[in-house]
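For reference, the structure is listed below as structure tokens.
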4 protein chains.
Amino acid sequence: MGNTLGKVFRLTSFGESHGEAIGGIIDGCPAGLKIDIENIQKNLDRRRPGQSEITTQRNESDKVKFLSGIFEGETIGTPIGFIINNHNQESKDYSHIKDAFRPSHADFTYYTKYGIRDYRGGGRSSARETACRVVAGSIAQQILANINIKVSAYVSRIGNISLNKSYKELDLRLIDNSIVRCPDNNCANRMIKEIEKIKNDGDTVGGEIIAVVEGVPVGWGEPVFDKLHADIGKAMLSINAVHAFKYGFEGLDIVKSRGSQVNDVILDTKGTTKTNYSGGIQGGISNGNDIYCEVVFKPVATLMKAQETINIDGSRINLEGKGRHDACVVPRAVPIVESMLSLTLVDHYLRSRLNKV
Amino acid sequence: MGNTLGKVFRLTSFGESHGEAIGGIIDGCPAGLKIDIENIQKNLDRRRPGQSEITTQRNESDKVKFLSGIFEGETIGTPIGFIINNHNQESKDYSHIKDAFRPSHADFTYYTKYGIRDYRGGGRSSARETACRVVAGSIAQQILANINIKVSAYVSRIGNISLNKSYKELDLRLIDNSIVRCPDNNCANRMIKEIEKIKNDGDTVGGEIIAVVEGVPVGWGEPVFDKLHADIGKAMLSINAVHAFKYGFEGLDIVKSRGSQVNDVILDTKGTTKTNYSGGIQGGISNGNDIYCEVVFKPVATLMKAQETINIDGSRINLEGKGRHDACVVPRAVPIVESMLSLTLVDHYLRSRLNKV
Amino acid sequence: MGNTLGKVFRLTSFGESHGEAIGGIIDGCPAGLKIDIENIQKNLDRRRPGQSEITTQRNESDKVKFLSGIFEGETIGTPIGFIINNHNQESKDYSHIKDAFRPSHADFTYYTKYGIRDYRGGGRSSARETACRVVAGSIAQQILANINIKVSAYVSRIGNISLNKSYKELDLRLIDNSIVRCPDNNCANRMIKEIEKIKNDGDTVGGEIIAVVEGVPVGWGEPVFDKLHADIGKAMLSINAVHAFKYGFEGLDIVKSRGSQVNDVILDTKGTTKTNYSGGIQGGISNGNDIYCEVVFKPVATLMKAQETINIDGSRINLEGKGRHDACVVPRAVPIVESMLSLTLVDHYLRSRLNKV
Amino acid sequence: MGNTLGKVFRLTSFGESHGEAIGGIIDGCPAGLKIDIENIQKNLDRRRPGQSEITTQRNESDKVKFLSGIFEGETIGTPIGFIINNHNQESKDYSHIKDAFRPSHADFTYYTKYGIRDYRGGGRSSARETACRVVAGSIAQQILANINIKVSAYVSRIGNISLNKSYKELDLRLIDNSIVRCPDNNCANRMIKEIEKIKNDGDTVGGEIIAVVEGVPVGWGEPVFDKLHADIGKAMLSINAVHAFKYGFEGLDIVKSRGSQVNDVILDTKGTTKTNYSGGIQGGISNGNDIYCEVVFKPVATLMKAQETINIDGSRINLEGKGRHDACVVPRAVPIVESMLSLTLVDHYLRSRLNKV
């Protein structure tokens, strides 16, 4: 279980990194949506390895193939099945970890949970699975674009480099101008240097992505358990390597503020507020202002350095770093963050149709 | 929708703060559990208003009444229905907000979403609803206690006061020794003073709660979307006033660390790791080490000060602070955090029974 | 698990027949519905024991009490919690079955499944639980009435007495004119005599209820697994004592017909068909014609006669018939059938809002 | 929505009959199951068109291809993705129905529901989709076989030909000896003649399938809504052309029986009953006896005769019968009935692991 996301707009995904293929089924996509397949492919390319000098040189083409649910370019209300074939897998790269549990990887937990695992390249625990999220998320993003909602995400921190500007000071159309996906050119260059330095050390580093949604109307999100920010938080935390999530209170340590400093005064019946500390959500329901959140990534666990660990039989071993891996996955995670946000928003958009008699 | 939590151990809750009663149904509680009702009541008392000089003086007794599912002191596998009657409601206190949208409250979003709202004391958006979570969460905690799992939570920050110690240096049995629920006596006293100062200003302040779970075996949590930390994160973010969630990396800013510094070396086939940066979870699945997470609360929005806002018809008004409210809800939120954690863990505990043929 | 019905309009119920109370939570009821509580109570009275000379003389008043979700007479989008207190329970009546497994009852299966059971009057397996379905179903029926959909059900067979008329020849407004709920006066009288005869023998008898829905527009129901008739069928089969379900093909043994005899010729773009063999559903989706189905009830298992069975320790015993029980529950099941049909239809009505972009 | 079946063992399917492929994802299959792929393929062959002289001569090979979830022949706990490519589709056969709504087909309801449809061969409403059910159902059947549970189904009626024997008098190993899948040789031959006669008329005919499960232990099934027979009933009614479902009371018209005639006397603490009128289920929970049910199929709507109907613009047209179709689908539906039964049983088998603390 656990391979389905959403209540009424639902993505179920499958696939191990070195199996035949990965793929998914989108159930609940409304009929009559013109699908822009090029746009989906573009987002897959933004996620794929080997896209620039700061990412791994594994060159996976990641071509999505739709199998159902789309007829003459339009959704027809039936489930959208899709696959992405696995190739260029070089399974032999992974023979050295067949019996080893890599530190801070899921090898040990999967093996113990299931009594068996596909050890090749992480199997199901590989971030390769997120390609399916990008396919479905891009369709969700197209639904949102149709009603004039714009979802953006960009890299705001890498290691010791921080972008100390509000999203309002940035031109979010420039995000993809740099390979690190930070819309501030100067900061982007410093981030790239930071990644290169760490890559040269055979080490890895984490970072932070900020996501902003403009145009969400008032009324999306459900009281109590399925609060909009709770569902967004879950979606983000389900991305590989994400370790923290925050919404609202841009640039602030909330704990140090007082209520009188951060309450958002409402100005009109559209819900416009003087400030937007709440990050566009009140009581779990969108309030018509920009949705704002921060997603924090730990450094990935795969190092190009030797590490101590144990074998399947408990004996201590020294594990050499092998293969081709990212020193920092955060730039490639930008389309994943956009996708998870879009999937969650569309689910709540559709649910909001059920509000009133 | 949105009033149910969990996949196989499910809490559905109902109730507005000033309606007849609040309550819930727990579906999926296994049969044969001896229920300690006194323990449940004790947790309700830890959550209720009026319990100490730093909480609101509204004195709600919050007596839970079980209606089904328990026979001769034991669960029988059928749904556990329960109610907590509302009284001492003083609805007249809320007449001044009947037509007003309080800043940073859910008044405006509920009204716009549904076209109607129960304005008395926040209605469904009131944190009173969390009493139902404590009832169900206490039962979940009893299930965990039966298999030697200990769930603890304590206040680690209030305003400018921080507890700068690892949970391992603390005696978690002392948490309830102070009214602020910080197990370090010195720090607790400083927190109490901080709250009193802010209360005297008619203002409010947020804080942070740290939660720790000892004894979870390897193998709880599902790959991909229902990762253990993603479900815990959603549960926490669904608590009123929670704005951020982090798991693992105690005391660290993850972004500034390198992979080689924070990988957890595995020492034996039980999964013991030399360090526990991962917070007890790898790839979304528990790894046998302590589960560690941090939950951040914003200052509550209800002030004892006048605030600008608008009326239902859009006219600007000045809203006086009235009623009896907490300057800081964080100490009262400790049992809620424990409850949400326990509910999520029991759901995954039961799901883990389905792992193997 | 298993105590929730519906995907977006959801009823979760709780309660044992001789516990404190039974009740439920309706989640997903749209806001802005004026609730007619008298109508709900009327349906409860149609279901309750002791309502006429052909039903059991247990006189349960079954007053529903709403605890949330309704404010000033209108739904507000939050979950509707309700309870019906149990009284007049005469638990002592059941002491003789404390250790016995009654034939064709759920005593043995519950006990073996859970290792424990509330033996008093069937506990959770008692048909008393259906009162909660009637409360929620009546609200669903009110939602349907608002959009001019009329749900009717009537008794068409009892023992050897059959009503050999099409529903089109009947005046469905006359259903409640007879205590047996058959709208044909002559047939109703024969049914009443049949029941009285069987009652005098201390025996029980089953029957059939026909349900008809007028006014459902084209497009409710989902392809593949959640076909409209599959969900209706499940809802009906979940009613105590129901053993068979059929939709469409009124008065026909389908197997003996040929395709050319029973295909429904479409006459216009509203979907009007020359005949309505399909019972208003094509490919699992409503086609704009009347929905028609048949629900078959077995004779209830509780007899006023002695029966052989075994004790909890396996020893053979003779169980005397005791208490006050119905010789035929079918007339009382009419509002339950209407309720289950209404719950299913409203769920699909709301889901149909998600069809198109 | 509506393309997922099951609560913990879940099949989600996709695919239109003339799209690229059909397929599905099985989520919740426990790890450690050795998969017998030949057996799955054999069941697909039992379902496929063109398998004998009484079925359509469309010769679809229906080779299933597994893409994930199985590693070195064994399930690994991750979702099992699979596809079956569509070919030999002869889409041109369907050009004549592009703008026509065939009588008693889903053309009109799909078109009105979604505003668009894939008209080629029924698209999503085609029974081709049931191949995915057979793939997943065969895996479910293998799980059951491992714990010594045997699922059988056979044809008991076709048109005017009935098999008037109890399943206990039959040798269920002989089912596949006849192309009509009736284990009584004499009756099978009469059924084959019945089908041939109707086929020669260009007409179609329905039938009945009886399903029997031996070896289910006591305790599967949930009280109230998810009763075992209610879930089985829904599963059966979701199969194309199924119009009625009955469980228990083999060979009886339940309505005409009295309680004293059909109560099942319990003989021992294993739950053995003297008779098995209840069809192996009491109060929605398996009681340890054989599970018995009947599934009724209407004649399929596609005739080789001309039929009146309307066009998309409402004009009356005469639709010629074209293509290659079955005069009777019931023999091919036998593996589908077994599959739906197996899927439902495995879901409840896994759920039964959650019964007790």
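Residue numbering restarts at 1 in every chain; chains get A, B, ... in the order shown in the structure tokens, and ligands count up from 1 in that same order.
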
(Q) When you look at Arg46 in chain A with a cut-off of 10 Å (counting only C-alpha atoms), what residues show up, excluding the ones that are within fewer than 6 positions of it in the same chain? I need them as a ChimeraX atom specification. (A) /A:40,52,134,176,179,181,331-336

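Residue-level contacts from chain C to chain A at 6 Å, counting only C-alpha atoms, read C:Pro30, C:Ala31, C:Gly32, C:Asn355, C:Lys356, C:Val357.
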
(Q) According to DSSP computed on the backbone, where in range 53-258 of chain A is there strand (DSSP E or B)? Give the residues as a ChimeraX atom specification. (A) /A:64-66,70-71,74-75,80-85,100-101,150-158,161-162,205,207-214,242-247,258

Take the residues from that selection and put them in a file with N, CA and C atoms, as a short mmCIF file (atom, residue, chain, number, x, y, z; two decimals), in the first residue's frame.
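Saved to part_16.cif:
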```cif
data_model
loop_
_atom_site.label_atom_id
_atom_site.label_comp_id
_atom_site.auth_asym_id
_atom_site.auth_seq_id
_atom_site.Cartn_x
_atom_site.Cartn_y
_atom_site.Cartn_z
N VAL A 64 8.03 9.68 -21.76
CA VAL A 64 6.76 9.14 -21.27
C VAL A 64 5.91 8.68 -22.45
N LYS A 65 5.22 7.59 -22.24
CA LYS A 65 4.33 7.04 -23.26
C LYS A 65 2.95 6.88 -22.62
N PHE A 66 1.96 7.56 -23.20
CA PHE A 66 0.60 7.45 -22.64
C PHE A 66 -0.12 6.29 -23.28
N ILE A 70 -6.48 9.40 -22.98
CA ILE A 70 -6.36 10.57 -23.85
C ILE A 70 -6.76 10.13 -25.26
N PHE A 71 -7.67 10.86 -25.86
CA PHE A 71 -8.17 10.49 -27.19
C PHE A 71 -8.17 11.74 -28.06
N GLU A 74 -7.16 14.86 -26.10
CA GLU A 74 -7.97 15.37 -25.00
C GLU A 74 -8.27 14.26 -23.99
N THR A 75 -8.37 14.62 -22.72
CA THR A 75 -8.75 13.63 -21.72
C THR A 75 -10.23 13.25 -21.91
N ILE A 80 -5.80 7.64 -16.90
CA ILE A 80 -4.66 7.90 -17.79
C ILE A 80 -3.52 6.99 -17.34
N GLY A 81 -3.24 5.97 -18.15
CA GLY A 81 -2.12 5.08 -17.87
C GLY A 81 -0.90 5.54 -18.63
N PHE A 82 0.26 5.47 -18.00
CA PHE A 82 1.49 5.87 -18.70
C PHE A 82 2.68 5.07 -18.21
N ILE A 83 3.66 4.92 -19.06
CA ILE A 83 4.91 4.27 -18.65
C ILE A 83 6.12 5.05 -19.15
N ILE A 84 7.23 4.87 -18.46
CA ILE A 84 8.53 5.37 -18.88
C ILE A 84 9.46 4.18 -18.81
N ASN A 85 9.95 3.76 -19.95
CA ASN A 85 10.83 2.59 -19.94
C ASN A 85 12.15 2.89 -19.24
N ALA A 100 25.03 -5.57 0.60
CA ALA A 100 25.41 -4.53 1.57
C ALA A 100 24.23 -3.60 1.85
N PHE A 101 24.19 -3.08 3.07
CA PHE A 101 23.19 -2.06 3.42
C PHE A 101 23.90 -0.70 3.44
N LYS A 150 -0.83 29.89 -11.21
CA LYS A 150 0.56 29.72 -11.59
C LYS A 150 1.35 29.14 -10.43
N VAL A 151 1.96 28.00 -10.67
CA VAL A 151 2.76 27.31 -9.64
C VAL A 151 4.23 27.51 -9.98
N SER A 152 5.01 28.04 -9.05
CA SER A 152 6.45 28.23 -9.28
C SER A 152 7.25 27.66 -8.12
N ALA A 153 8.45 27.21 -8.42
CA ALA A 153 9.36 26.78 -7.36
C ALA A 153 10.77 27.12 -7.77
N TYR A 154 11.59 27.44 -6.81
CA TYR A 154 12.99 27.78 -7.13
C TYR A 154 13.88 27.43 -5.95
N VAL A 155 15.16 27.30 -6.24
CA VAL A 155 16.14 26.96 -5.20
C VAL A 155 16.53 28.23 -4.44
N SER A 156 16.38 28.19 -3.13
CA SER A 156 16.66 29.37 -2.30
C SER A 156 17.89 29.19 -1.42
N ARG A 157 18.31 27.95 -1.23
CA ARG A 157 19.52 27.70 -0.42
C ARG A 157 20.21 26.46 -0.95
N ILE A 158 21.53 26.51 -0.96
CA ILE A 158 22.38 25.34 -1.23
C ILE A 158 23.55 25.45 -0.25
N ILE A 161 25.13 28.79 0.91
CA ILE A 161 24.66 29.91 0.09
C ILE A 161 23.16 30.09 0.21
N SER A 162 22.73 31.29 0.63
CA SER A 162 21.30 31.57 0.77
C SER A 162 20.89 32.74 -0.10
N VAL A 205 25.47 17.65 -0.72
CA VAL A 205 24.94 18.77 0.04
C VAL A 205 23.44 18.92 -0.22
N GLY A 207 19.69 21.42 0.44
CA GLY A 207 19.28 22.77 0.09
C GLY A 207 17.81 22.99 0.41
N GLU A 208 17.31 24.10 -0.08
CA GLU A 208 15.92 24.47 0.20
C GLU A 208 15.27 24.96 -1.07
N ILE A 209 14.02 24.56 -1.26
CA ILE A 209 13.23 25.06 -2.39
C ILE A 209 12.05 25.83 -1.84
N ILE A 210 11.81 26.99 -2.43
CA ILE A 210 10.62 27.78 -2.08
C ILE A 210 9.59 27.61 -3.18
N ALA A 211 8.35 27.38 -2.79
CA ALA A 211 7.28 27.25 -3.77
C ALA A 211 6.22 28.31 -3.53
N VAL A 212 5.73 28.87 -4.62
CA VAL A 212 4.76 29.95 -4.55
C VAL A 212 3.63 29.64 -5.54
N VAL A 213 2.39 29.83 -5.11
CA VAL A 213 1.26 29.65 -6.02
C VAL A 213 0.44 30.93 -6.06
N GLU A 214 0.28 31.45 -7.26
CA GLU A 214 -0.52 32.67 -7.44
C GLU A 214 -1.84 32.32 -8.09
N VAL A 242 13.58 14.91 1.40
CA VAL A 242 12.98 16.06 2.09
C VAL A 242 12.89 15.75 3.59
N HIS A 243 13.32 16.71 4.40
CA HIS A 243 13.34 16.50 5.84
C HIS A 243 12.61 17.55 6.65
N ALA A 244 12.15 18.61 5.99
CA ALA A 244 11.43 19.64 6.74
C ALA A 244 10.53 20.41 5.80
N PHE A 245 9.46 20.94 6.36
CA PHE A 245 8.48 21.69 5.59
C PHE A 245 7.95 22.82 6.46
N LYS A 246 7.77 23.97 5.83
CA LYS A 246 7.21 25.12 6.54
C LYS A 246 6.31 25.87 5.58
N TYR A 247 5.19 26.40 6.06
CA TYR A 247 4.41 27.26 5.16
C TYR A 247 4.19 28.60 5.84
N ARG A 258 5.49 37.72 17.82
CA ARG A 258 4.29 37.78 18.64
C ARG A 258 3.05 37.86 17.74
#
```

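If only C-alpha atoms are the atoms counted, then among C:Val346, C:Ile317, C:Ala301, C:Val218 the closest residue to Thr269 in chain C is C:Val218.
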
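The space separating CA of Ile139 in chain B from CA of Ile35 in chain B comes to 7.2 Å.
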
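Residues in contact range of Gly284 in chain D, defined as at most 6 Å between only C-alpha atoms, with sequence neighbours fewer than 5 positions away removed, read Gly221, Pro223, Lys227 and Leu228 of chain D.
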
Save the residues we just selected, C-alpha atoms, as a PDB file, in the first residue's frame?
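Dumped everything to again-v1.pdb:
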```pdb
ATOM      1  CA  GLY D 221     -15.505 -10.057   6.281  1.00  0.00           C
ATOM      2  CA  PRO D 223     -19.534  -6.044  10.073  1.00  0.00           C
ATOM      3  CA  LYS D 227     -19.894  -7.505   4.762  1.00  0.00           C
ATOM      4  CA  LEU D 228     -18.124 -10.250   2.869  1.00  0.00           C
TER       5      LEU D 228
END
```

Q: May I have all residues of range 220-351 of chain B that DSSP, computed from the backbone, assigns to alpha helix (DSSP H), given as an MDAnalysis selection string?
A: chainID B and resid 228:237 259:262 330:351

Distance query Arg102 in chain C at most 10 Å, only C-alpha atoms, self and fewer than 3 positions along chain excluded, as a CSV table (one decimal) with all heavy atoms, in the first residue's frame:
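Saved the output as around-v9.csv:
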```csv
chain,number,residue,atom,x,y,z
C,97,ILE,N,-28.5,-16.4,26.1
C,97,ILE,CA,-27.7,-16.6,24.9
C,97,ILE,C,-26.2,-16.2,25.2
C,97,ILE,O,-25.4,-16.2,24.2
C,97,ILE,CB,-28.2,-15.9,23.6
C,97,ILE,CG1,-28.4,-14.4,23.9
C,97,ILE,CG2,-29.5,-16.6,23.2
C,97,ILE,CD1,-28.4,-13.6,22.6
C,99,ASP,N,-23.7,-17.6,26.4
C,99,ASP,CA,-22.7,-18.6,26.0
C,99,ASP,C,-23.1,-19.4,24.8
C,99,ASP,O,-22.4,-20.4,24.5
C,99,ASP,CB,-22.3,-19.5,27.2
C,99,ASP,CG,-21.7,-18.7,28.4
C,99,ASP,OD1,-20.9,-17.8,28.1
C,99,ASP,OD2,-22.1,-18.9,29.5
C,105,HIS,N,-27.2,-16.9,13.1
C,105,HIS,CA,-26.9,-15.6,13.6
C,105,HIS,C,-25.3,-15.3,13.5
C,105,HIS,O,-24.6,-16.3,13.2
C,105,HIS,CB,-27.3,-15.4,15.1
C,105,HIS,CG,-28.7,-15.0,15.2
C,105,HIS,ND1,-29.7,-15.8,15.3
C,105,HIS,CD2,-29.2,-13.7,15.4
C,105,HIS,CE1,-30.9,-15.1,15.4
C,105,HIS,NE2,-30.6,-13.8,15.5
C,106,ALA,N,-24.9,-14.1,13.8
C,106,ALA,CA,-23.5,-13.8,13.8
C,106,ALA,C,-22.8,-14.1,15.1
C,106,ALA,O,-21.6,-13.7,15.2
C,106,ALA,CB,-23.4,-12.3,13.4
C,107,ASP,N,-23.4,-14.7,16.0
C,107,ASP,CA,-22.8,-14.9,17.3
C,107,ASP,C,-21.4,-15.7,17.2
C,107,ASP,O,-20.4,-15.2,17.7
C,107,ASP,CB,-23.7,-15.8,18.2
C,107,ASP,CG,-25.0,-15.2,18.5
C,107,ASP,OD1,-25.1,-14.0,18.3
C,107,ASP,OD2,-26.0,-15.9,18.8
C,108,PHE,N,-21.5,-16.8,16.4
C,108,PHE,CA,-20.3,-17.6,16.3
C,108,PHE,C,-19.2,-16.9,15.5
C,108,PHE,O,-18.0,-16.9,15.8
C,108,PHE,CB,-20.6,-18.9,15.6
C,108,PHE,CG,-19.5,-19.7,15.3
C,108,PHE,CD1,-18.7,-20.4,16.2
C,108,PHE,CD2,-19.0,-19.8,13.9
C,108,PHE,CE1,-17.6,-21.2,15.9
C,108,PHE,CE2,-17.9,-20.6,13.6
C,108,PHE,CZ,-17.2,-21.3,14.6
C,122,GLY,N,-27.4,-9.3,20.1
C,122,GLY,CA,-26.7,-9.3,18.8
C,122,GLY,C,-25.6,-8.2,18.7
C,122,GLY,O,-24.8,-8.3,17.9
C,301,ALA,N,-33.5,-15.1,11.4
C,301,ALA,CA,-33.1,-16.3,12.0
C,301,ALA,C,-33.7,-16.5,13.4
C,301,ALA,O,-33.7,-17.6,13.9
C,301,ALA,CB,-31.6,-16.4,12.1
C,302,THR,N,-34.1,-15.4,14.0
C,302,THR,CA,-34.6,-15.6,15.4
C,302,THR,C,-36.0,-16.1,15.4
C,302,THR,O,-37.0,-15.5,14.9
C,302,THR,CB,-34.6,-14.2,16.1
C,302,THR,OG1,-33.3,-13.6,15.9
C,302,THR,CG2,-34.9,-14.3,17.6
C,307,GLN,N,-34.5,-24.4,19.2
C,307,GLN,CA,-33.6,-24.9,18.1
C,307,GLN,C,-32.4,-25.5,18.7
C,307,GLN,O,-31.9,-25.1,19.7
C,307,GLN,CB,-33.2,-23.7,17.3
C,307,GLN,CG,-34.2,-23.0,16.5
C,307,GLN,CD,-33.7,-21.9,15.6
C,307,GLN,OE1,-33.2,-22.1,14.5
C,307,GLN,NE2,-33.6,-20.7,16.2
C,308,GLU,N,-31.8,-26.5,18.0
C,308,GLU,CA,-30.6,-27.1,18.4
C,308,GLU,C,-29.4,-26.1,18.1
C,308,GLU,O,-29.5,-25.4,17.1
C,308,GLU,CB,-30.3,-28.3,17.6
C,308,GLU,CG,-31.0,-29.6,17.9
C,308,GLU,CD,-30.6,-30.6,16.8
C,308,GLU,OE1,-29.6,-31.3,17.1
C,308,GLU,OE2,-31.3,-30.7,15.8
C,309,THR,N,-28.4,-26.1,18.9
C,309,THR,CA,-27.2,-25.4,18.5
C,309,THR,C,-26.1,-25.8,19.5
C,309,THR,O,-26.2,-26.8,20.2
C,309,THR,CB,-27.4,-23.9,18.5
C,309,THR,OG1,-26.2,-23.3,17.9
C,309,THR,CG2,-27.6,-23.3,19.9
C,310,ILE,N,-25.0,-25.1,19.5
C,310,ILE,CA,-23.9,-25.4,20.5
C,310,ILE,C,-23.6,-24.2,21.4
C,310,ILE,O,-23.9,-23.1,21.1
C,310,ILE,CB,-22.6,-25.9,19.8
C,310,ILE,CG1,-22.1,-24.8,18.9
C,310,ILE,CG2,-22.8,-27.2,19.1
C,310,ILE,CD1,-20.6,-24.9,18.6
C,311,ASN,N,-23.0,-24.6,22.5
C,311,ASN,CA,-22.5,-23.6,23.5
C,311,ASN,C,-21.1,-23.2,23.1
C,311,ASN,O,-20.4,-23.8,22.2
C,311,ASN,CB,-22.4,-24.4,24.8
C,311,ASN,CG,-23.2,-23.6,25.8
C,311,ASN,OD1,-23.2,-22.4,25.8
C,311,ASN,ND2,-23.8,-24.3,26.7
C,318,ASN,N,-30.2,-27.0,23.5
C,318,ASN,CA,-31.5,-26.7,22.9
C,318,ASN,C,-31.8,-25.3,23.3
C,318,ASN,O,-31.8,-24.9,24.5
C,318,ASN,CB,-32.5,-27.6,23.4
C,318,ASN,CG,-33.4,-28.1,22.3
C,318,ASN,OD1,-32.9,-28.1,21.1
C,318,ASN,ND2,-34.7,-28.4,22.5
C,319,LEU,N,-32.0,-24.4,22.3
C,319,LEU,CA,-32.1,-23.0,22.6
C,319,LEU,C,-33.6,-22.6,22.5
C,319,LEU,O,-34.2,-22.8,21.4
C,319,LEU,CB,-31.3,-22.2,21.6
C,319,LEU,CG,-31.0,-20.7,22.0
C,319,LEU,CD1,-30.1,-20.6,23.2
C,319,LEU,CD2,-30.3,-20.0,20.8
D,263,ASN,N,-32.6,-22.3,8.8
D,263,ASN,CA,-31.6,-22.0,9.7
D,263,ASN,C,-30.5,-23.1,9.7
D,263,ASN,O,-30.9,-24.2,9.6
D,263,ASN,CB,-32.2,-21.8,11.1
D,263,ASN,CG,-32.6,-20.4,11.4
D,263,ASN,OD1,-32.5,-19.5,10.6
D,263,ASN,ND2,-33.1,-20.2,12.6
D,264,ASP,N,-29.3,-22.7,9.8
D,264,ASP,CA,-28.2,-23.6,9.8
D,264,ASP,C,-27.7,-24.0,11.2
D,264,ASP,O,-27.1,-23.2,11.9
D,264,ASP,CB,-27.0,-23.1,9.0
D,264,ASP,CG,-27.3,-22.9,7.5
D,264,ASP,OD1,-27.9,-23.8,6.9
D,264,ASP,OD2,-26.9,-21.8,7.0
D,265,VAL,N,-28.0,-25.2,11.6
D,265,VAL,CA,-27.7,-25.7,13.0
D,265,VAL,C,-26.1,-25.9,13.1
D,265,VAL,O,-25.5,-26.5,12.2
D,265,VAL,CB,-28.4,-27.0,13.3
D,265,VAL,CG1,-27.9,-27.6,14.6
D,265,VAL,CG2,-29.9,-26.7,13.3
D,266,ILE,N,-25.5,-25.2,14.1
D,266,ILE,CA,-24.1,-25.3,14.3
D,266,ILE,C,-23.8,-26.6,15.0
D,266,ILE,O,-24.4,-26.9,16.1
D,266,ILE,CB,-23.6,-24.1,15.1
D,266,ILE,CG1,-24.0,-22.8,14.4
D,266,ILE,CG2,-22.0,-24.2,15.2
D,266,ILE,CD1,-23.7,-21.5,15.1
```

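Coordinates place CA of Val330 in chain B at a distance of 7.0 Å from CA of Phe297 in chain B.
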
Q: With a distance cut-off of 12 Å and only C-alpha atoms, select the neighbouring residues of Lys42 in chain C, excluding the residue or stretch itself and same-chain residues fewer than 3 positions from it, and output the selection as a ChimeraX atom specification.
A: /C:36-39,45-48,51,61-64,131,134-135,138,176,335

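Distances here use only C-alpha atoms; by that measure, the residue among A:Gly69, A:Gly259, A:Ile149, A:Thr12 closest to Ala327 in chain B is A:Gly259.
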
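Those residues that approach Cys328 in chain B to within 8 Å, counting only C-alpha atoms, are Ile54, Thr55, Ile195, Thr204, Val205, Gly206, Pro299, Val300 and Pro331 of chain B; same-chain residues fewer than 3 positions away are not listed.
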
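You will find CA of Ala145 in chain B at 20.2 Å from CA of Gly279 in chain B.
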
Q | Which residue of B:Arg10, B:Lys256, B:His348, B:Lys322 approaches Ser95 in chain B most closely, using only C-alpha atoms | A | B:Lys322
